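To start, the structure itself, in structure tokens.
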Protein chains: 2
Amino acid sequence: MTVGFAERVAGAVASTGPLCAGIDPSSELLHHWGLDDTPQGLRSFGLGCVEAFAGVVPVVKPQVAFFERMGSAGMGVLEEVLAACRDAGLLAIADAKRGDIGSTMAAYASAWLDPASPLVADAMTALAYLGLGALQPAFDLAASSGRGVIVVVRSSNPEGRSLQEARTAGTGADGPGPAVEDMLLGEIAALNHGGLPTAGTVGAVVGATRTRSAFDLAALGGVVLAPGVGAQGGTADGAARLFAGCPPGTVLPSVSRSLLVAGPDTAALRASAAQECATFGAALA
Amino acid sequence: MTVGFAERVAGAVASTGPLCAGIDPSSELLHHWGLDDTPQGLRSFGLGCVEAFAGVVPVVKPQVAFFERMGSAGMGVLEEVLAACRDAGLLAIADAKRGDIGSTMAAYASAWLDPASPLVADAMTALAYLGLGALQPAFDLAASSGRGVIVVVRSSNPEGRSLQEARTAGTGADGPGPAVEDMLLGEIAALNHGGLPTAGTVGAVVGATRTRSAFDLAALGGVVLAPGVGAQGGTADGAARLFAGCPPGTVLPSVSRSLLVAGPDTAALRASAAQECATFGAALA
């Protein structure tokens, strides 16, 4: 029996507290760390994050875009960073936000979720503009090895509201169906509760800056990744209200810039990460 | 005055006919071409496509996923293929379907649209689940150099219908607003008609298998990329009906697998591509 991604995350959270620490080597943060905006700088930054976060946070999230901007050289550095995460026992979510259909989606799944891929991570993020069903090749591959796919559903930025709150047609004659975001959450819950061979395979990105939507997140059956805390204004108390009722260890507040400015000093970065874990652990308990 | 992406495409279409030829080195097609499923196989496939398509089609579309599945080595091959496109005078759309917010979206834009990037293409495809406004860093960078961003709006696959046809809230008291896809098309048109410093920067993916939606595509002001012809059942006549009224040279029927099976023989692939261009040229005239 394969241990599902949500269970793996909950196990890691139990020993450290809940947090997803971003690994975001933007030009700005490289400069702040005194590093060059080059593949060598990326490498120092990424490996420095892994060293600081190991044993202190349960999950890290390399932002693929900041590696991809340096082309194949940057992607080679990302391979090294992901390997370092595995060696350090850190669960890694590749924040790739990929989304496509058919054999193309299968190729993205292969890149990020196939154990034989140099870019393999424990989970990838995905976009469902083409429908949640289009992501099925990624769900299937993830389920086969206890990995995860975390679908962006209710994002923290204001520009996404009109699309994500648009009303689907529904199935009956009694008016419109659920909002797009609630439709996706319902479909994700169905996958986690028997729709896939491994429970807890599919997660959702739900911005911590948002209010609750109609869908009860406690019924999701998967990991909730919650960006928007820190720099974007979300607080631990707000997250506690938003995610009340979610099972222990399934909610991962996601922090990046506001945490990474504590570097490059490893001890300082490590201490900041530990404190964030403790704060969210207390709030979400 | 920067020549916009739509004008560059129309210029290329005027000399060859309209077609976007996919460069899709899937495992299946590599096998069909007698190539190994390795970076060396990817390279032979990609450069073979460029050789066959040069001078015969206006635009090619490397599918990033099929390179990314081989990690940094695959992305290095994609850099070579994109360089070969530039040398051959082929406009290249990187089919990346990226989508994010803020500095992360700026990093994706930098990867695919910055002339200094090893992965630079003439345009990239993008997903707008986070709202069209979240893609602004890509629009700005594209506009500055006559490059393009082609946003997936009305996809050819059935799984996307419920999301893309969901009704937005609208602005007044007179019932729901436009469907998600029509809202995006309207926003794209506004960007192309004065919303950006360069006209014709933003395009849309509209599946050739679909019927017309409420938005009149003739008013888009940008390139329409139309997948779904060939393998997915779309025909030249159907495309002609769907895109009636669109300005000459702005509609690019997109073919991949159904064309690429004509390889690996360069002359045969070239002849197939030329015939597709002629067929669509006649239908869309």
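Ligands are numbered from 1 in the order shown, residues from 1 within each chain, and chains are lettered A, B, ... in the order they appear in the structure tokens.
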
Using only C-alpha atoms, select each residue of chain A with any atom at most 8 Å away from an atom of chain B, and give the selection as a ChimeraX atom specification. /A:26,63,65-66,68-76,79,97-101,103-105,107-112,117-119,127-134,155,157,159-169,179-180

Range 34-253 of chain A: residues DSSP assigns to alpha helix (DSSP H), reported as a PyMOL selection string: chain A and resi 39-53+64-68+71-88+102-113+136-144+161-164+180-190+236-242

List the neighbours of Ser44 in chain B out to 9 Å using only C-alpha atoms; skip same-chain residues closer than 5 positions along the sequence, and give me the result as a PyMOL selection string. chain B and resi 35+39+49

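In this structure, CA of Gly238 in chain A sits 26.3 Å away from CA of Gly263 in chain A.
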
Quick one: residues within 8 Å of range 193-198 of chain B, only C-alpha atoms, excluding same-chain residues fewer than 5 positions away - as a PDB file with C-alpha atoms, in the first residue's frame?
```
ATOM      1  CA  THR B   2       8.384  48.533 -32.586  1.00  0.00           C
ATOM      2  CA  VAL B   3       6.768  46.173 -35.081  1.00  0.00           C
ATOM      3  CA  GLY B   4       4.276  44.126 -33.082  1.00  0.00           C
ATOM      4  CA  PHE B 139       3.004  41.513 -21.798  1.00  0.00           C
ATOM      5  CA  ASP B 140       5.326  44.399 -20.952  1.00  0.00           C
ATOM      6  CA  ALA B 143       5.767  44.581 -26.145  1.00  0.00           C
ATOM      7  CA  SER B 144       9.220  46.077 -25.720  1.00  0.00           C
ATOM      8  CA  GLY B 146       7.872  42.962 -30.790  1.00  0.00           C
ATOM      9  CA  GLY B 221      -6.202  42.617 -32.608  1.00  0.00           C
TER      10      GLY B 221
END
```
